[in-house]
>>> print(open('coords_4.txt').read())   # compact mmCIF, N, CA, C and O atoms
# COMPACT_ATOMS: atom_id res chain seq x y z
N MET A 1 0.84 -1.19 0.00
CA MET A 1 0.00 0.00 0.00
C MET A 1 0.88 1.25 0.00
O MET A 1 1.83 1.35 0.77
N SER A 2 0.56 2.18 -0.86
CA SER A 2 1.34 3.41 -0.97
C SER A 2 1.10 4.31 0.23
O SER A 2 0.01 4.33 0.80
N ALA A 3 2.12 5.07 0.56
CA ALA A 3 2.02 6.01 1.66
C ALA A 3 1.66 7.40 1.14
O ALA A 3 1.97 8.40 1.76
N PHE A 4 1.04 7.42 -0.04
CA PHE A 4 0.55 8.69 -0.59
C PHE A 4 -0.63 8.40 -1.50
O PHE A 4 -0.83 7.29 -1.96
N ARG A 5 -1.43 9.43 -1.70
CA ARG A 5 -2.57 9.34 -2.62
C ARG A 5 -2.95 10.76 -3.04
O ARG A 5 -2.48 11.73 -2.46
N PHE A 6 -3.79 10.84 -4.02
CA PHE A 6 -4.31 12.13 -4.48
C PHE A 6 -5.82 12.09 -4.33
O PHE A 6 -6.47 11.26 -4.94
N GLU A 7 -6.35 12.96 -3.47
CA GLU A 7 -7.79 12.99 -3.20
C GLU A 7 -8.45 14.16 -3.91
O GLU A 7 -7.89 15.26 -3.93
N TRP A 8 -9.64 13.92 -4.43
CA TRP A 8 -10.41 14.96 -5.10
C TRP A 8 -10.86 15.99 -4.09
O TRP A 8 -11.41 15.67 -3.03
N ASN A 9 -10.63 17.26 -4.40
CA ASN A 9 -11.09 18.38 -3.58
C ASN A 9 -12.13 19.12 -4.40
O ASN A 9 -11.80 19.79 -5.38
N GLU A 10 -13.38 18.97 -4.00
CA GLU A 10 -14.49 19.57 -4.77
C GLU A 10 -14.40 21.08 -4.79
O GLU A 10 -14.70 21.72 -5.79
N ARG A 11 -13.99 21.68 -3.70
CA ARG A 11 -13.91 23.14 -3.61
C ARG A 11 -12.93 23.71 -4.64
O ARG A 11 -13.21 24.70 -5.29
N LEU A 12 -11.77 23.05 -4.78
CA LEU A 12 -10.74 23.53 -5.71
C LEU A 12 -10.85 22.87 -7.09
O LEU A 12 -10.22 23.32 -8.04
N ARG A 13 -11.59 21.79 -7.17
CA ARG A 13 -11.79 21.05 -8.42
C ARG A 13 -10.49 20.48 -8.98
O ARG A 13 -10.28 20.45 -10.19
N ILE A 14 -9.63 20.02 -8.07
CA ILE A 14 -8.41 19.31 -8.45
C ILE A 14 -8.18 18.19 -7.42
O ILE A 14 -8.77 18.20 -6.35
N ARG A 15 -7.29 17.27 -7.78
CA ARG A 15 -6.88 16.25 -6.82
C ARG A 15 -5.69 16.82 -6.03
O ARG A 15 -4.79 17.41 -6.60
N ILE A 16 -5.73 16.60 -4.73
CA ILE A 16 -4.73 17.15 -3.82
C ILE A 16 -3.88 16.00 -3.28
O ILE A 16 -4.42 14.97 -2.88
N PRO A 17 -2.56 16.18 -3.22
CA PRO A 17 -1.72 15.11 -2.66
C PRO A 17 -1.91 14.97 -1.16
O PRO A 17 -2.01 15.97 -0.44
N VAL A 18 -1.98 13.73 -0.72
CA VAL A 18 -2.05 13.42 0.70
C VAL A 18 -0.84 12.51 0.98
O VAL A 18 -0.82 11.37 0.55
N LEU A 19 0.14 13.07 1.67
CA LEU A 19 1.35 12.32 1.97
C LEU A 19 1.29 11.83 3.42
O LEU A 19 1.04 12.61 4.33
N GLU A 20 1.52 10.55 3.60
CA GLU A 20 1.42 9.94 4.93
C GLU A 20 2.74 10.05 5.70
O GLU A 20 2.78 9.74 6.89
N MET A 21 3.81 10.45 5.01
CA MET A 21 5.13 10.57 5.64
C MET A 21 5.74 11.92 5.26
O MET A 21 5.23 12.60 4.38
N GLU A 22 6.82 12.25 5.93
CA GLU A 22 7.58 13.44 5.53
C GLU A 22 8.21 13.17 4.17
O GLU A 22 8.56 12.03 3.85
N TRP A 23 8.37 14.22 3.37
CA TRP A 23 8.88 14.09 2.01
C TRP A 23 10.21 13.33 1.96
O TRP A 23 10.42 12.46 1.12
N GLU A 24 11.11 13.62 2.89
CA GLU A 24 12.43 13.01 2.91
C GLU A 24 12.38 11.51 3.19
O GLU A 24 13.33 10.80 2.92
N GLN A 25 11.28 11.02 3.75
CA GLN A 25 11.15 9.61 4.07
C GLN A 25 10.78 8.76 2.86
O GLN A 25 10.91 7.53 2.92
N TYR A 26 10.34 9.39 1.79
CA TYR A 26 9.99 8.63 0.59
C TYR A 26 11.26 8.29 -0.18
O TYR A 26 12.20 9.08 -0.24
N GLU A 27 11.27 7.10 -0.76
CA GLU A 27 12.38 6.72 -1.63
C GLU A 27 12.36 7.60 -2.87
O GLU A 27 11.32 8.14 -3.26
N VAL A 28 13.50 7.72 -3.50
CA VAL A 28 13.63 8.59 -4.68
C VAL A 28 12.63 8.22 -5.76
O VAL A 28 12.01 9.09 -6.37
N ASN A 29 12.44 6.92 -6.00
CA ASN A 29 11.48 6.50 -7.03
C ASN A 29 10.06 6.91 -6.68
O ASN A 29 9.29 7.31 -7.55
N GLU A 30 9.69 6.80 -5.40
CA GLU A 30 8.36 7.24 -4.97
C GLU A 30 8.22 8.75 -5.14
O GLU A 30 7.18 9.24 -5.57
N GLN A 31 9.26 9.49 -4.80
CA GLN A 31 9.23 10.94 -4.98
C GLN A 31 9.01 11.29 -6.45
O GLN A 31 8.22 12.18 -6.76
N ARG A 32 9.67 10.57 -7.33
CA ARG A 32 9.50 10.82 -8.77
C ARG A 32 8.07 10.54 -9.22
O ARG A 32 7.51 11.30 -10.02
N VAL A 33 7.47 9.47 -8.71
CA VAL A 33 6.08 9.14 -9.06
C VAL A 33 5.14 10.23 -8.57
O VAL A 33 4.26 10.70 -9.30
N ILE A 34 5.35 10.66 -7.34
CA ILE A 34 4.51 11.72 -6.76
C ILE A 34 4.64 13.00 -7.57
O ILE A 34 3.64 13.62 -7.95
N ILE A 35 5.87 13.38 -7.87
CA ILE A 35 6.11 14.61 -8.65
C ILE A 35 5.50 14.49 -10.04
O ILE A 35 4.87 15.43 -10.54
N SER A 36 5.66 13.34 -10.66
CA SER A 36 5.11 13.13 -12.00
C SER A 36 3.59 13.27 -12.01
O SER A 36 3.01 13.97 -12.86
N GLN A 37 2.93 12.65 -11.04
CA GLN A 37 1.47 12.75 -10.96
C GLN A 37 1.05 14.18 -10.62
O GLN A 37 0.08 14.69 -11.17
N TRP A 38 1.80 14.81 -9.72
CA TRP A 38 1.46 16.17 -9.32
C TRP A 38 1.62 17.14 -10.49
O TRP A 38 0.82 18.05 -10.67
N GLU A 39 2.64 16.95 -11.32
CA GLU A 39 2.85 17.84 -12.47
C GLU A 39 1.65 17.81 -13.42
O GLU A 39 1.27 18.83 -13.98
N LEU A 40 1.06 16.63 -13.59
CA LEU A 40 -0.13 16.52 -14.45
C LEU A 40 -1.30 17.29 -13.84
O LEU A 40 -2.02 18.01 -14.54
N ILE A 41 -1.49 17.13 -12.54
CA ILE A 41 -2.58 17.84 -11.85
C ILE A 41 -2.29 19.33 -11.84
O ILE A 41 -3.17 20.15 -12.13
N ARG A 42 -1.05 19.68 -11.52
CA ARG A 42 -0.64 21.09 -11.44
C ARG A 42 -0.90 21.82 -12.75
O ARG A 42 -1.26 22.99 -12.77
N GLY A 43 -0.75 21.11 -13.85
CA GLY A 43 -0.98 21.70 -15.16
C GLY A 43 -2.42 22.13 -15.39
O GLY A 43 -2.69 22.95 -16.28
N THR A 44 -3.35 21.61 -14.60
CA THR A 44 -4.76 21.99 -14.75
C THR A 44 -5.12 23.21 -13.89
O THR A 44 -6.21 23.75 -14.05
N ILE A 45 -4.23 23.60 -12.99
CA ILE A 45 -4.55 24.70 -12.08
C ILE A 45 -4.86 26.01 -12.80
O ILE A 45 -5.83 26.68 -12.46
N PRO A 46 -4.08 26.42 -13.82
CA PRO A 46 -4.45 27.66 -14.51
C PRO A 46 -5.86 27.63 -15.10
O PRO A 46 -6.56 28.66 -15.10
N ASP A 47 -6.30 26.47 -15.56
CA ASP A 47 -7.67 26.35 -16.07
C ASP A 47 -8.70 26.55 -14.96
O ASP A 47 -9.74 27.19 -15.17
N ARG A 48 -8.42 25.99 -13.79
CA ARG A 48 -9.34 26.19 -12.65
C ARG A 48 -9.37 27.66 -12.25
O ARG A 48 -10.43 28.19 -11.95
N VAL A 49 -8.21 28.32 -12.24
CA VAL A 49 -8.16 29.74 -11.89
C VAL A 49 -9.01 30.54 -12.87
O VAL A 49 -9.83 31.39 -12.46
N MET A 50 -8.87 30.27 -14.16
CA MET A 50 -9.66 31.00 -15.16
C MET A 50 -11.15 30.71 -14.98
O MET A 50 -11.98 31.62 -15.12
N GLU A 51 -11.49 29.48 -14.66
CA GLU A 51 -12.90 29.12 -14.42
C GLU A 51 -13.46 29.93 -13.26
O GLU A 51 -14.55 30.49 -13.35
N PHE A 52 -12.70 30.01 -12.16
CA PHE A 52 -13.16 30.75 -10.99
C PHE A 52 -13.19 32.26 -11.25
O PHE A 52 -14.09 32.96 -10.78
N GLU A 53 -12.24 32.77 -12.03
CA GLU A 53 -12.26 34.19 -12.39
C GLU A 53 -13.51 34.51 -13.21
O GLU A 53 -14.11 35.57 -13.05
N HIS A 54 -13.89 33.58 -14.08
CA HIS A 54 -15.10 33.77 -14.88
C HIS A 54 -16.33 33.87 -13.96
O HIS A 54 -17.19 34.74 -14.17
N HIS A 55 -16.39 33.00 -12.96
CA HIS A 55 -17.51 33.06 -12.00
C HIS A 55 -17.51 34.40 -11.27
O HIS A 55 -18.57 35.00 -11.06
N ILE A 56 -16.33 34.85 -10.86
CA ILE A 56 -16.23 36.14 -10.16
C ILE A 56 -16.73 37.26 -11.05
O ILE A 56 -17.52 38.11 -10.61
N ASN A 57 -16.31 37.28 -12.30
CA ASN A 57 -16.73 38.34 -13.23
C ASN A 57 -18.25 38.36 -13.41
O ASN A 57 -18.87 39.42 -13.42
N ARG A 58 -18.83 37.18 -13.55
CA ARG A 58 -20.29 37.10 -13.69
C ARG A 58 -21.00 37.61 -12.44
O ARG A 58 -21.99 38.33 -12.52
N LYS A 59 -20.49 37.22 -11.29
CA LYS A 59 -21.11 37.65 -10.04
C LYS A 59 -20.92 39.14 -9.80
O LYS A 59 -21.80 39.80 -9.25
N GLN A 60 -19.80 39.71 -10.24
CA GLN A 60 -19.59 41.15 -10.11
C GLN A 60 -20.57 41.93 -10.98
O GLN A 60 -21.09 42.96 -10.57
N ILE A 61 -20.84 41.42 -12.17
CA ILE A 61 -21.84 42.06 -13.04
C ILE A 61 -23.21 41.98 -12.39
O ILE A 61 -23.95 42.97 -12.36
N GLU A 62 -23.52 40.81 -11.84
CA GLU A 62 -24.80 40.63 -11.16
C GLU A 62 -24.89 41.56 -9.95
O GLU A 62 -25.93 42.18 -9.71
N LEU A 63 -23.80 41.69 -9.21
CA LEU A 63 -23.76 42.56 -8.04
C LEU A 63 -23.97 44.02 -8.43
O LEU A 63 -24.70 44.76 -7.76
N PHE A 64 -23.37 44.44 -9.52
CA PHE A 64 -23.50 45.82 -10.00
C PHE A 64 -24.96 46.18 -10.26
O PHE A 64 -25.40 47.30 -10.01
N ASN A 65 -25.72 45.19 -10.75
CA ASN A 65 -27.12 45.43 -11.10
C ASN A 65 -28.09 45.07 -9.97
O ASN A 65 -29.30 45.26 -10.13
N GLU A 66 -27.59 44.58 -8.85
CA GLU A 66 -28.46 44.11 -7.77
C GLU A 66 -28.91 45.27 -6.89
O GLU A 66 -28.13 46.12 -6.50
N GLU A 67 -30.20 45.27 -6.58
CA GLU A 67 -30.76 46.31 -5.72
C GLU A 67 -31.04 45.81 -4.31
O GLU A 67 -31.13 46.60 -3.38
N SER A 68 -31.16 44.52 -4.15
CA SER A 68 -31.45 43.93 -2.85
C SER A 68 -30.17 43.85 -2.02
O SER A 68 -29.18 43.25 -2.44
N PHE A 69 -30.21 44.43 -0.82
CA PHE A 69 -29.05 44.39 0.06
C PHE A 69 -28.71 42.95 0.44
O PHE A 69 -27.54 42.55 0.43
N GLU A 70 -29.73 42.18 0.75
CA GLU A 70 -29.51 40.78 1.15
C GLU A 70 -28.83 40.00 0.03
O GLU A 70 -27.86 39.28 0.25
N ARG A 71 -29.33 40.15 -1.18
CA ARG A 71 -28.74 39.45 -2.33
C ARG A 71 -27.32 39.97 -2.60
O ARG A 71 -26.43 39.20 -2.95
N SER A 72 -27.08 41.25 -2.40
CA SER A 72 -25.74 41.83 -2.57
C SER A 72 -24.75 41.20 -1.60
O SER A 72 -23.61 40.91 -1.97
N CYS A 73 -25.20 40.98 -0.38
CA CYS A 73 -24.34 40.33 0.63
C CYS A 73 -23.99 38.91 0.20
O CYS A 73 -22.84 38.47 0.34
N ILE A 74 -24.98 38.19 -0.31
CA ILE A 74 -24.75 36.83 -0.78
C ILE A 74 -23.75 36.82 -1.94
O ILE A 74 -22.81 36.02 -1.97
N LEU A 75 -23.93 37.74 -2.88
CA LEU A 75 -23.01 37.82 -4.02
C LEU A 75 -21.59 38.16 -3.57
O LEU A 75 -20.62 37.59 -4.07
N ASN A 76 -21.47 39.09 -2.61
CA ASN A 76 -20.15 39.43 -2.08
C ASN A 76 -19.49 38.23 -1.43
O ASN A 76 -18.29 38.00 -1.59
N TYR A 77 -20.27 37.46 -0.69
CA TYR A 77 -19.75 36.24 -0.08
C TYR A 77 -19.26 35.26 -1.15
O TYR A 77 -18.17 34.68 -1.02
N GLU A 78 -20.06 35.07 -2.20
CA GLU A 78 -19.69 34.14 -3.26
C GLU A 78 -18.43 34.61 -3.99
O GLU A 78 -17.56 33.79 -4.33
N ILE A 79 -18.31 35.89 -4.22
CA ILE A 79 -17.11 36.44 -4.87
C ILE A 79 -15.89 36.18 -3.99
O ILE A 79 -14.84 35.75 -4.47
N ALA A 80 -16.03 36.45 -2.69
CA ALA A 80 -14.93 36.22 -1.75
C ALA A 80 -14.54 34.74 -1.71
O ALA A 80 -13.35 34.40 -1.63
N ASP A 81 -15.53 33.86 -1.79
CA ASP A 81 -15.25 32.43 -1.78
C ASP A 81 -14.44 32.02 -3.01
O ASP A 81 -13.46 31.29 -2.90
N TYR A 82 -14.83 32.50 -4.18
CA TYR A 82 -14.07 32.18 -5.39
C TYR A 82 -12.67 32.78 -5.33
O TYR A 82 -11.69 32.15 -5.76
N ALA A 83 -12.54 33.98 -4.79
CA ALA A 83 -11.21 34.60 -4.65
C ALA A 83 -10.34 33.77 -3.70
O ALA A 83 -9.14 33.59 -3.96
N SER A 84 -10.93 33.24 -2.64
CA SER A 84 -10.21 32.39 -1.71
C SER A 84 -9.75 31.10 -2.39
O SER A 84 -8.63 30.62 -2.17
N ARG A 85 -10.59 30.55 -3.24
CA ARG A 85 -10.22 29.33 -3.99
C ARG A 85 -9.04 29.62 -4.89
O ARG A 85 -8.12 28.81 -5.00
N ILE A 86 -9.07 30.77 -5.57
CA ILE A 86 -7.96 31.15 -6.45
C ILE A 86 -6.68 31.27 -5.64
O ILE A 86 -5.61 30.78 -6.05
N ASN A 87 -6.75 31.90 -4.48
CA ASN A 87 -5.57 32.03 -3.62
C ASN A 87 -5.04 30.64 -3.23
O ASN A 87 -3.82 30.41 -3.30
N ASP A 88 -5.92 29.75 -2.84
CA ASP A 88 -5.50 28.39 -2.47
C ASP A 88 -4.86 27.67 -3.66
O ASP A 88 -3.86 26.96 -3.49
N LEU A 89 -5.42 27.86 -4.84
CA LEU A 89 -4.83 27.23 -6.03
C LEU A 89 -3.43 27.78 -6.32
O LEU A 89 -2.53 27.03 -6.70
N HIS A 90 -3.24 29.06 -6.11
CA HIS A 90 -1.90 29.64 -6.30
C HIS A 90 -0.90 29.02 -5.32
O HIS A 90 0.25 28.75 -5.67
N ILE A 91 -1.34 28.78 -4.10
CA ILE A 91 -0.47 28.14 -3.11
C ILE A 91 -0.12 26.72 -3.56
O ILE A 91 1.04 26.32 -3.55
N TRP A 92 -1.13 25.97 -3.99
CA TRP A 92 -0.87 24.61 -4.48
C TRP A 92 0.03 24.63 -5.71
O TRP A 92 0.88 23.75 -5.88
N TYR A 93 -0.13 25.60 -6.57
CA TYR A 93 0.68 25.69 -7.78
C TYR A 93 2.17 25.84 -7.44
O TYR A 93 3.02 25.30 -8.11
N ARG A 94 2.46 26.57 -6.37
CA ARG A 94 3.85 26.80 -5.98
C ARG A 94 4.47 25.59 -5.29
O ARG A 94 5.69 25.53 -5.14
N ILE A 95 3.70 24.62 -4.87
CA ILE A 95 4.25 23.46 -4.18
C ILE A 95 5.25 22.72 -5.04
O ILE A 95 6.25 22.25 -4.55
N ASP A 96 5.02 22.65 -6.33
CA ASP A 96 5.95 21.96 -7.22
C ASP A 96 7.33 22.59 -7.14
O ASP A 96 8.33 21.89 -7.14
N GLN A 97 7.40 23.89 -7.07
CA GLN A 97 8.70 24.56 -6.99
C GLN A 97 9.41 24.17 -5.70
O GLN A 97 10.62 23.99 -5.68
N GLN A 98 8.68 24.01 -4.60
CA GLN A 98 9.29 23.61 -3.34
C GLN A 98 9.81 22.18 -3.43
O GLN A 98 10.90 21.89 -2.95
N LEU A 99 9.06 21.30 -4.06
CA LEU A 99 9.52 19.91 -4.21
C LEU A 99 10.75 19.84 -5.10
O LEU A 99 11.68 19.11 -4.83
N GLU A 100 10.76 20.61 -6.18
CA GLU A 100 11.89 20.62 -7.08
C GLU A 100 13.16 21.07 -6.37
O GLU A 100 14.21 20.51 -6.55
N SER A 101 13.06 22.14 -5.55
CA SER A 101 14.24 22.64 -4.88
C SER A 101 14.75 21.63 -3.85
O SER A 101 15.94 21.47 -3.66
N ARG A 102 13.85 20.89 -3.21
CA ARG A 102 14.26 19.85 -2.26
C ARG A 102 14.95 18.71 -3.00
O ARG A 102 15.89 18.12 -2.51
N ARG A 103 14.45 18.39 -4.19
CA ARG A 103 14.99 17.27 -4.94
C ARG A 103 16.43 17.55 -5.38
O ARG A 103 17.24 16.66 -5.48
N HIS A 104 16.75 18.82 -5.61
CA HIS A 104 18.09 19.18 -6.08
C HIS A 104 19.04 19.51 -4.95
O HIS A 104 20.20 19.80 -5.20
N SER A 105 18.57 19.52 -3.70
CA SER A 105 19.47 19.86 -2.59
C SER A 105 20.34 18.70 -2.19
O SER A 105 20.12 17.60 -2.42
>>> encode(input="coords_4.txt", output="structure tokens")
Amino acid sequence: MSAFRFEWNERLRIRIPVLEMEWEQYEVNEQRVIISQWELIRGTIPDRVMEFEHHINRKQIELFNEESFERSCILNYEIADYASRINDLHIWYRIDQQLESRRHS
């Protein structure tokens, strides 16, 4: 049984690595497999960011035309949620750079 897996995260719409051990405890071949799988997933992150930006833009247009205070609050919350998802995706996107630098140390 592998000491790692990639679990689907519905909020971010990508699979997220779940490592059961510290990175240094994995054998080099396992590290390569993890990095290889992560690079494929990581490559989809810009598409998810664009998807979430599209949702934000639509909600901002809707907010601009909204007269109900209650609905405006809901739209602001939804915009903030998508912005938070984008921030989280940017963090996940940078993880590959951290793994690469560890691999070369």
>>> atom_distance(input="coords_4.txt", atom1="CA of Thr44 in chain A", atom2="CA of Val28 in chain A")
24.9 Å
>>> closest_residue(input="coords_4.txt", among="A:Glu22, A:Glu10, A:Glu66, A:Glu27", to="Arg85 in chain A", atoms="only C-alpha atoms")
A:Glu10
>>> atom_distance(input="coords_4.txt", atom1="atom C of Met50 in chain A", atom2="atom O of Val33 in chain A")
25.9 Å
>>> residues_around(input="coords_4.txt", residues="Arg15 in chain A", least_positions_apart="2", cutoff="8 Å", atoms="only N, CA, C and O atoms", output="list in words")
Arg5, Phe6, Glu7, Trp8, Asn9, Glu10, Leu12, Arg13, Pro17, Val18, Gln37, Trp38, Ile41 and Arg42 of chain A
>>> residues_around(input="coords_4.txt", residues="Glu20 in chain A", least_positions_apart="5", cutoff="10 Å", atoms="only C-alpha atoms", output="PDB file with N, CA, C and O atoms, in the coordinates of the input")
ATOM      1  N   SER A   2       0.560   2.180  -0.860  1.00  0.00           N
ATOM      2  CA  SER A   2       1.340   3.410  -0.970  1.00  0.00           C
ATOM      3  C   SER A   2       1.100   4.310   0.230  1.00  0.00           C
ATOM      4  O   SER A   2       0.010   4.330   0.800  1.00  0.00           O
ATOM      5  N   ALA A   3       2.120   5.070   0.560  1.00  0.00           N
ATOM      6  CA  ALA A   3       2.020   6.010   1.660  1.00  0.00           C
ATOM      7  C   ALA A   3       1.660   7.400   1.140  1.00  0.00           C
ATOM      8  O   ALA A   3       1.970   8.400   1.760  1.00  0.00           O
ATOM      9  N   PHE A   4       1.040   7.420  -0.040  1.00  0.00           N
ATOM     10  CA  PHE A   4       0.550   8.690  -0.590  1.00  0.00           C
ATOM     11  C   PHE A   4      -0.630   8.400  -1.500  1.00  0.00           C
ATOM     12  O   PHE A   4      -0.830   7.290  -1.960  1.00  0.00           O
ATOM     13  N   ARG A   5      -1.430   9.430  -1.700  1.00  0.00           N
ATOM     14  CA  ARG A   5      -2.570   9.340  -2.620  1.00  0.00           C
ATOM     15  C   ARG A   5      -2.950  10.760  -3.040  1.00  0.00           C
ATOM     16  O   ARG A   5      -2.480  11.730  -2.460  1.00  0.00           O
ATOM     17  N   GLN A  25      11.280  11.020   3.750  1.00  0.00           N
ATOM     18  CA  GLN A  25      11.150   9.610   4.070  1.00  0.00           C
ATOM     19  C   GLN A  25      10.780   8.760   2.860  1.00  0.00           C
ATOM     20  O   GLN A  25      10.910   7.530   2.920  1.00  0.00           O
ATOM     21  N   TYR A  26      10.340   9.390   1.790  1.00  0.00           N
ATOM     22  CA  TYR A  26       9.990   8.630   0.590  1.00  0.00           C
ATOM     23  C   TYR A  26      11.260   8.290  -0.180  1.00  0.00           C
ATOM     24  O   TYR A  26      12.200   9.080  -0.240  1.00  0.00           O
TER      25      TYR A  26
END
>>> select_by_dssp(input="coords_4.txt", residues="chain A", states="strand (DSSP E or B)", output="NGL selection string")
:A and (4-9 or 14-19)
>>> residues_near_point(input="coords_4.txt", point="(-15.3, 30.7, -9.8)", cutoff="8 Å", atoms="only N, CA, C and O atoms", output="ChimeraX atom specification")
/A:11,48-57,78-79,81-83,85-86
>>> select_by_dssp(input="coords_4.txt", residues="chain A", states="helix (DSSP H, G or I)", output="VMD selection string")
chain A and resid 23 to 25 28 to 42 45 to 65 69 to 103
>>> closest_residue(input="coords_4.txt", among="A:Ile61, A:Leu40, A:Met21, A:Ile14", to="Asp88 in chain A", atoms="only C-alpha atoms")
A:Ile14
>>> decode(input="coords_4.txt", residues="range 40-47 of chain A", atoms="all heavy atoms", output="PDB file, in the first residue's frame")
ATOM      1  N   LEU A  40       1.063  16.631 -13.593  1.00  0.00           N
ATOM      2  CA  LEU A  40      -0.129  16.524 -14.447  1.00  0.00           C
ATOM      3  C   LEU A  40      -1.299  17.294 -13.838  1.00  0.00           C
ATOM      4  O   LEU A  40      -2.021  18.011 -14.537  1.00  0.00           O
ATOM      5  CB  LEU A  40      -0.511  15.062 -14.657  1.00  0.00           C
ATOM      6  CG  LEU A  40       0.471  14.217 -15.473  1.00  0.00           C
ATOM      7  CD1 LEU A  40       0.061  12.753 -15.440  1.00  0.00           C
ATOM      8  CD2 LEU A  40       0.556  14.735 -16.894  1.00  0.00           C
ATOM      9  N   ILE A  41      -1.486  17.126 -12.542  1.00  0.00           N
ATOM     10  CA  ILE A  41      -2.575  17.836 -11.852  1.00  0.00           C
ATOM     11  C   ILE A  41      -2.289  19.330 -11.840  1.00  0.00           C
ATOM     12  O   ILE A  41      -3.168  20.147 -12.126  1.00  0.00           O
ATOM     13  CB  ILE A  41      -2.731  17.294 -10.416  1.00  0.00           C
ATOM     14  CG1 ILE A  41      -3.172  15.831 -10.456  1.00  0.00           C
ATOM     15  CG2 ILE A  41      -3.713  18.148  -9.620  1.00  0.00           C
ATOM     16  CD1 ILE A  41      -3.042  15.101  -9.128  1.00  0.00           C
ATOM     17  N   ARG A  42      -1.053  19.682 -11.522  1.00  0.00           N
ATOM     18  CA  ARG A  42      -0.644  21.088 -11.435  1.00  0.00           C
ATOM     19  C   ARG A  42      -0.899  21.819 -12.754  1.00  0.00           C
ATOM     20  O   ARG A  42      -1.263  22.990 -12.767  1.00  0.00           O
ATOM     21  CB  ARG A  42       0.839  21.144 -11.072  1.00  0.00           C
ATOM     22  CG  ARG A  42       1.370  22.522 -10.851  1.00  0.00           C
ATOM     23  CD  ARG A  42       2.840  22.418 -10.400  1.00  0.00           C
ATOM     24  NE  ARG A  42       3.423  23.724 -10.282  1.00  0.00           N
ATOM     25  CZ  ARG A  42       4.159  24.303 -11.220  1.00  0.00           C
ATOM     26  NH1 ARG A  42       4.416  23.667 -12.354  1.00  0.00           N
ATOM     27  NH2 ARG A  42       4.646  25.507 -11.037  1.00  0.00           N
ATOM     28  N   GLY A  43      -0.751  21.110 -13.852  1.00  0.00           N
ATOM     29  CA  GLY A  43      -0.979  21.700 -15.163  1.00  0.00           C
ATOM     30  C   GLY A  43      -2.416  22.131 -15.394  1.00  0.00           C
ATOM     31  O   GLY A  43      -2.692  22.947 -16.276  1.00  0.00           O
ATOM     32  N   THR A  44      -3.349  21.610 -14.598  1.00  0.00           N
ATOM     33  CA  THR A  44      -4.757  21.988 -14.748  1.00  0.00           C
ATOM     34  C   THR A  44      -5.123  23.205 -13.893  1.00  0.00           C
ATOM     35  O   THR A  44      -6.209  23.754 -14.052  1.00  0.00           O
ATOM     36  CB  THR A  44      -5.695  20.820 -14.372  1.00  0.00           C
ATOM     37  OG1 THR A  44      -5.600  20.548 -12.973  1.00  0.00           O
ATOM     38  CG2 THR A  44      -5.376  19.564 -15.169  1.00  0.00           C
ATOM     39  N   ILE A  45      -4.234  23.602 -12.992  1.00  0.00           N
ATOM     40  CA  ILE A  45      -4.555  24.699 -12.076  1.00  0.00           C
ATOM     41  C   ILE A  45      -4.856  26.009 -12.802  1.00  0.00           C
ATOM     42  O   ILE A  45      -5.834  26.678 -12.458  1.00  0.00           O
ATOM     43  CB  ILE A  45      -3.464  24.857 -10.995  1.00  0.00           C
ATOM     44  CG1 ILE A  45      -3.545  23.653 -10.037  1.00  0.00           C
ATOM     45  CG2 ILE A  45      -3.597  26.179 -10.244  1.00  0.00           C
ATOM     46  CD1 ILE A  45      -2.480  23.627  -8.954  1.00  0.00           C
ATOM     47  N   PRO A  46      -4.084  26.417 -13.818  1.00  0.00           N
ATOM     48  CA  PRO A  46      -4.450  27.664 -14.514  1.00  0.00           C
ATOM     49  C   PRO A  46      -5.863  27.633 -15.100  1.00  0.00           C
ATOM     50  O   PRO A  46      -6.560  28.656 -15.096  1.00  0.00           O
ATOM     51  CB  PRO A  46      -3.388  27.784 -15.609  1.00  0.00           C
ATOM     52  CG  PRO A  46      -2.198  27.070 -15.045  1.00  0.00           C
ATOM     53  CD  PRO A  46      -2.794  25.904 -14.280  1.00  0.00           C
ATOM     54  N   ASP A  47      -6.305  26.471 -15.557  1.00  0.00           N
ATOM     55  CA  ASP A  47      -7.674  26.350 -16.074  1.00  0.00           C
ATOM     56  C   ASP A  47      -8.705  26.552 -14.963  1.00  0.00           C
ATOM     57  O   ASP A  47      -9.736  27.190 -15.169  1.00  0.00           O
ATOM     58  CB  ASP A  47      -7.890  24.978 -16.715  1.00  0.00           C
ATOM     59  CG  ASP A  47      -7.073  24.797 -17.976  1.00  0.00           C
ATOM     60  OD1 ASP A  47      -6.736  25.802 -18.628  1.00  0.00           O
ATOM     61  OD2 ASP A  47      -6.758  23.634 -18.302  1.00  0.00           O
TER      62      ASP A  47
END
